[in-house]
>>> print(open('coords_13.txt').read())   # compact mmCIF, C-alpha atoms
# COMPACT_ATOMS: atom_id res chain seq x y z
CA MET A 1269 25.20 -20.33 -105.37
CA GLU A 1270 23.17 -18.92 -102.50
CA LYS A 1271 20.82 -16.03 -103.21
CA ALA A 1272 19.46 -13.42 -100.80
CA GLY A 1273 16.45 -15.63 -100.17
CA GLY A 1274 18.72 -18.22 -98.64
CA TYR A 1275 17.58 -21.11 -100.82
CA GLU A 1276 20.08 -23.32 -102.60
CA GLY A 1277 19.39 -25.97 -105.24
CA SER A 1278 18.34 -26.37 -108.83
CA SER A 1279 15.60 -28.89 -109.46
CA VAL A 1280 14.07 -26.85 -112.29
CA ARG A 1281 14.76 -27.85 -115.90
CA PRO A 1282 14.29 -25.84 -119.11
CA GLY A 1283 11.11 -26.68 -120.95
CA LYS A 1284 7.49 -25.73 -120.91
CA TYR A 1285 7.69 -23.22 -118.03
CA ALA A 1286 11.31 -22.29 -117.38
CA ARG A 1287 13.53 -20.79 -120.07
CA ILE A 1288 17.27 -20.31 -120.23
CA GLU A 1289 18.29 -16.77 -119.27
CA ARG A 1290 21.24 -15.42 -121.23
CA GLU A 1291 22.55 -12.02 -120.21
CA ARG A 1292 25.79 -10.13 -119.83
CA ARG A 1293 26.20 -7.42 -117.17
CA PHE A 1294 28.43 -4.34 -117.18
CA LEU A 1295 29.38 -1.54 -114.80
CA LEU A 1296 28.87 2.00 -116.08
CA ALA A 1297 30.43 5.15 -114.64
CA HIS A 1298 27.29 7.27 -115.13
CA PRO A 1299 23.58 6.97 -115.94
CA PRO A 1300 22.75 7.15 -119.65
CA ALA A 1301 22.29 10.48 -121.42
CA PRO A 1302 18.56 11.31 -121.50
CA SER A 1303 18.68 11.62 -125.30
CA SER A 1304 19.67 7.93 -125.59
CA VAL A 1305 16.80 6.59 -123.42
CA THR A 1306 13.81 5.06 -125.22
CA ALA A 1307 11.80 3.98 -122.14
CA THR A 1308 11.97 4.27 -118.35
CA ARG A 1309 10.53 2.18 -115.51
CA ALA A 1310 10.73 2.52 -111.74
CA ILE A 1311 11.28 -0.98 -110.37
CA THR A 1312 10.89 -2.35 -106.86
CA ASP A 1313 12.07 -5.92 -106.41
CA ARG A 1314 11.20 -7.91 -103.30
CA TYR A 1315 13.36 -11.02 -102.79
CA LEU A 1316 11.19 -13.36 -100.73
CA VAL A 1317 13.13 -14.68 -97.72
CA GLY A 1318 13.97 -18.38 -97.85
CA THR A 1319 13.14 -18.77 -101.56
CA ARG A 1320 14.47 -18.21 -105.08
CA LEU A 1321 11.48 -15.96 -105.76
CA ARG A 1322 11.45 -12.30 -106.69
CA LEU A 1323 8.33 -10.17 -106.63
CA ARG A 1324 8.59 -7.23 -109.05
CA ARG A 1325 6.58 -4.04 -109.39
CA ALA A 1326 7.53 -2.01 -112.46
CA GLN A 1327 5.89 1.42 -112.65
CA LEU A 1328 5.62 2.63 -116.25
CA PRO A 1329 5.58 6.30 -117.33
CA ASP A 1330 1.84 6.12 -118.06
CA ASP A 1331 1.23 5.13 -114.38
CA THR A 1332 0.39 1.52 -115.21
CA CYS A 1333 2.22 -1.25 -113.37
CA GLU A 1334 3.63 -4.58 -114.39
CA LEU A 1335 3.43 -7.04 -111.51
CA LYS A 1336 5.40 -10.28 -111.74
CA LEU A 1337 6.59 -13.20 -109.70
CA THR A 1338 9.90 -14.58 -110.94
CA GLN A 1339 11.90 -17.63 -110.05
CA LYS A 1340 15.58 -17.61 -110.99
CA VAL A 1341 17.60 -20.78 -110.69
CA PRO A 1342 21.30 -19.91 -111.21
CA VAL A 1343 23.86 -22.18 -112.85
CA PRO A 1344 27.40 -22.30 -111.46
CA LEU A 1345 29.04 -21.81 -114.86
CA PRO A 1346 30.85 -18.75 -116.26
CA GLY A 1347 29.41 -16.84 -119.19
CA ALA A 1348 26.14 -15.45 -120.42
CA VAL A 1349 23.91 -18.37 -119.43
CA GLN A 1350 22.80 -17.22 -116.00
CA GLY A 1351 20.39 -20.08 -115.33
CA LEU A 1352 16.70 -20.71 -115.69
CA ILE A 1353 13.97 -18.12 -115.30
CA THR A 1354 10.22 -18.47 -114.91
CA ASN A 1355 7.86 -15.44 -114.85
CA ILE A 1356 4.22 -15.22 -113.82
CA CYS A 1357 2.16 -12.07 -114.36
CA LEU A 1358 0.11 -11.14 -111.30
CA SER A 1359 -3.09 -9.26 -110.58
CA PRO A 1360 -2.88 -6.41 -108.04
CA SER A 1361 -4.54 -8.55 -105.37
CA GLU A 1362 -2.12 -11.45 -106.00
CA TYR A 1363 0.80 -9.03 -105.80
CA ASP A 1364 -0.49 -7.51 -102.55
CA LEU A 1365 -0.88 -10.94 -100.97
CA LEU A 1366 2.67 -12.00 -101.91
CA ALA A 1367 4.04 -8.59 -100.88
CA SER A 1368 2.94 -9.35 -97.31
CA LEU A 1369 5.61 -12.08 -97.10
CA PRO A 1370 9.01 -11.29 -95.54
CA ALA A 1371 11.40 -9.95 -98.17
CA ALA A 1372 14.50 -7.89 -98.80
CA GLU A 1373 13.81 -4.94 -101.09
CA LEU A 1374 15.81 -3.34 -103.90
CA SER A 1375 14.72 -0.28 -105.89
CA LYS A 1376 16.05 1.16 -109.12
CA ARG A 1377 15.19 2.99 -112.30
CA ARG A 1378 15.60 1.02 -115.51
CA PHE A 1379 16.42 2.94 -118.66
CA SER A 1380 16.11 1.25 -122.04
CA VAL A 1381 19.12 2.24 -124.12
CA PRO A 1382 19.14 -0.36 -126.87
CA PRO A 1383 20.75 -2.82 -126.84
CA LEU A 1384 21.07 -2.35 -123.06
CA GLY A 1385 18.82 -2.07 -120.07
CA VAL A 1386 20.57 0.29 -117.63
CA ASP A 1387 19.73 0.13 -113.92
CA VAL A 1388 20.38 3.16 -111.72
CA PHE A 1389 19.96 2.08 -108.11
CA ASP A 1390 18.32 3.87 -105.18
CA GLY A 1391 18.71 3.51 -101.42
CA PRO A 1392 21.96 2.06 -100.07
CA LEU A 1393 23.12 1.32 -103.62
CA GLN A 1394 22.65 4.88 -104.87
CA GLY A 1395 25.52 5.65 -107.24
CA LEU A 1396 25.68 2.14 -108.72
CA VAL A 1397 24.89 1.94 -112.45
CA LEU A 1398 24.66 -1.50 -114.07
CA ALA A 1399 23.75 -2.41 -117.64
CA GLU A 1400 22.64 -5.72 -119.01
CA ALA A 1401 22.12 -7.13 -122.46
CA GLU A 1402 19.88 -10.17 -123.01
CA PHE A 1403 20.27 -12.75 -125.75
CA THR A 1404 18.30 -15.61 -127.26
CA THR A 1405 21.31 -17.70 -128.31
CA ASP A 1406 24.80 -18.43 -127.00
CA GLU A 1407 26.25 -17.17 -130.29
CA GLU A 1408 24.56 -13.76 -129.89
CA ALA A 1409 25.90 -13.48 -126.34
CA GLN A 1410 29.45 -14.44 -127.32
CA SER A 1411 29.61 -12.09 -130.31
CA PHE A 1412 28.15 -9.06 -128.49
CA VAL A 1413 30.50 -6.08 -128.41
CA PRO A 1414 29.54 -3.78 -125.54
CA PRO A 1415 29.30 -0.05 -126.20
CA PRO A 1416 32.16 2.16 -124.93
CA GLU A 1417 30.17 3.38 -121.89
CA CYS A 1418 30.46 -0.15 -120.44
CA VAL A 1419 33.47 0.26 -118.14
CA ALA A 1420 33.84 -3.35 -116.96
CA GLU A 1421 32.05 -6.64 -117.53
CA VAL A 1422 30.72 -8.24 -114.33
CA THR A 1423 28.73 -11.11 -115.87
CA ASP A 1424 30.71 -13.69 -113.91
CA ASP A 1425 30.70 -11.73 -110.64
CA ALA A 1426 27.66 -12.95 -108.68
CA ARG A 1427 27.89 -9.91 -106.37
CA PHE A 1428 26.33 -7.85 -109.19
CA THR A 1429 23.13 -9.92 -109.42
CA GLY A 1430 19.94 -8.64 -107.84
CA GLY A 1431 19.82 -11.54 -105.39
CA HIS A 1432 23.18 -10.48 -103.96
CA LEU A 1433 22.87 -6.71 -104.37
CA VAL A 1434 19.72 -6.72 -102.25
CA GLY A 1435 21.91 -7.57 -99.26
CA ALA A 1436 24.80 -5.27 -100.15
CA SER A 1437 25.89 -2.52 -97.80
CA ARG A 1438 27.03 1.01 -98.58
CA ARG A 1439 30.59 -0.18 -97.98
CA ASP A 1440 30.13 -2.98 -100.54
CA LEU A 1441 28.95 -0.38 -103.05
CA LEU A 1442 32.27 1.41 -102.69
CA GLU A 1443 34.54 -1.65 -102.55
CA TRP A 1444 33.15 -3.96 -105.24
CA PRO A 1445 33.22 -1.54 -108.20
CA ALA A 1446 36.65 -0.28 -107.05
CA GLU A 1447 38.01 -3.75 -107.87
CA TYR A 1448 37.15 -2.88 -111.49
CA GLY A 1449 38.68 0.60 -111.31
CA LEU A 1450 35.32 2.32 -110.87
CA HIS A 1451 34.41 4.63 -107.99
CA PRO A 1452 30.66 5.36 -107.88
CA GLU A 1453 29.61 8.91 -107.20
CA VAL A 1454 28.17 8.76 -103.73
CA PRO A 1455 25.72 11.47 -102.70
>>> encode(input="coords_13.txt", output="structure tokens")
Amino acid sequence: MEKAGGYEGSSVRPGKYARIERERRFLLAHPPAPSSVTATRAITDRYLVGTRLRLRRAQLPDDTCELKLTQKVPVPLPGAVQGLITNICLSPSEYDLLASLPAAELSKRRFSVPPLGVDVFDGPLQGLVLAEAEFTTDEEAQSFVPPPECVAEVTDDARFTGGHLVGASRRDLLEWPAEYGLHPEVP
């Protein structure tokens, strides 16, 4: 599966550094009600061209930032196991150095609405609302019953991963959710 970075392959194995990422993704018709939100972050993801690497800046409400470098190695199987993920926390100077590399950028607001993280996208994807739930075991993922605000599950639709969304056009934003009966509100 090719990501926005243009790198294909999977030589990483679970173990000391990489862990299995289990998540299910859902389309929502609207952002969450403010009363249901327990935390908010403004996130800018930079998908480094020619790699499987994502550089993330998450701005917290107290004006602190989480800076991370992430490698995601997808698996071509259906279901909640998305692949392997490795995260490295960065200092501001490390982040700035890596941010100088060519990248495609995606920005969103992430709302914590347990058990979901809900992403409300900015820029060309404004109007798209995606939720994800993460799990530690396959059994948890399989037994999860999504809340009613989850309109359609898109776990197995690679178009709704960050690595693909970063290259999506405004037209894609209108067409892809429509396949699930959802028509994002476009400003």
>>> closest_residue(input="coords_13.txt", among="A:Glu1407, A:Glu1334, A:Asp1313, A:Glu1291", to="Gly1347 (chain A)", atoms="all atoms listed in the file")
A:Glu1291
>>> residues_around(input="coords_13.txt", residues="region 1286-1288 of chain A", least_positions_apart="5", cutoff="6 Å", atoms="all atoms listed in the file", output="list in words")
Gly1351, Leu1352, Ile1353 and Thr1354 of chain A
>>> atom_distance(input="coords_13.txt", atom1="CA of Ile1311 (chain A)", atom2="CA of Leu1337 (chain A)")
13.1 Å
>>> closest_atom_pairs(input="coords_13.txt", of="region 1291-1352 of chain A", to="region 1376-1393 of chain A", cutoff="12 Å", atoms="all atoms listed in the file", output="tab-separated table")
residue	atom	partner	partner_atom	distance
A:Glu1291	CA	A:Leu1384	CA	10.2
A:Arg1292	CA	A:Leu1384	CA	9.7
A:Arg1293	CA	A:Leu1384	CA	9.3
A:Phe1294	CA	A:Val1386	CA	9.1
A:Leu1295	CA	A:Val1386	CA	9.4
A:Leu1296	CA	A:Val1386	CA	8.6
A:Ala1297	CA	A:Val1388	CA	10.7
A:His1298	CA	A:Val1388	CA	8.7
A:Pro1299	CA	A:Val1388	CA	6.5
A:Pro1300	CA	A:Val1386	CA	7.5
A:Ala1301	CA	A:Val1381	CA	9.2
A:Pro1302	CA	A:Phe1379	CA	9.1
A:Ser1303	CA	A:Val1381	CA	9.5
A:Ser1304	CA	A:Val1381	CA	5.9
A:Val1305	CA	A:Val1381	CA	5.0
A:Thr1306	CA	A:Ser1380	CA	5.5
A:Ala1307	CA	A:Ser1380	CA	5.1
A:Thr1308	CA	A:Phe1379	CA	4.7
A:Arg1309	CA	A:Arg1378	CA	5.2
A:Ala1310	CA	A:Arg1377	CA	4.5
A:Ile1311	CA	A:Lys1376	CA	5.4
A:Thr1312	CA	A:Lys1376	CA	6.6
A:Asp1313	CA	A:Lys1376	CA	8.6
A:Arg1314	CA	A:Lys1376	CA	11.8
A:Arg1324	CA	A:Lys1376	CA	11.2
A:Arg1325	CA	A:Lys1376	CA	10.8
A:Ala1326	CA	A:Arg1378	CA	9.1
A:Gln1327	CA	A:Arg1377	CA	9.4
A:Leu1328	CA	A:Arg1378	CA	10.1
A:Pro1329	CA	A:Arg1377	CA	11.3
>>> closest_residue(input="coords_13.txt", among="A:Tyr1315, A:Phe1412, A:Phe1428, A:Phe1403", to="Ala1367 (chain A)", atoms="all atoms listed in the file")
A:Tyr1315
>>> residues_around(input="coords_13.txt", residues="Arg1439 (chain A)", least_positions_apart="4", cutoff="12 Å", atoms="all atoms listed in the file", output="list in words")
Pro1392, Leu1393, Gln1394, Leu1433, Gly1435, Glu1443, Trp1444, Pro1445, Ala1446, His1451, Pro1452 and Val1454 of chain A
>>> closest_residue(input="coords_13.txt", among="A:Val1341, A:Cys1333, A:Val1349, A:Leu1316", to="Gln1410 (chain A)", atoms="only C-alpha atoms")
A:Val1349
>>> atom_distance(input="coords_13.txt", atom1="CA of Leu1323 (chain A)", atom2="CA of Thr1338 (chain A)")
6.4 Å
>>> closest_residue(input="coords_13.txt", among="A:Arg1290, A:Arg1320, A:Arg1438, A:Lys1336", to="Ser1361 (chain A)", atoms="all atoms listed in the file")
A:Lys1336
>>> atom_distance(input="coords_13.txt", atom1="CA of Ala1426 (chain A)", atom2="CA of Val1343 (chain A)")
10.8 Å
>>> closest_residue(input="coords_13.txt", among="A:Thr1405, A:Ser1437, A:Thr1423, A:Thr1332", to="Pro1346 (chain A)", atoms="all atoms listed in the file")
A:Thr1423
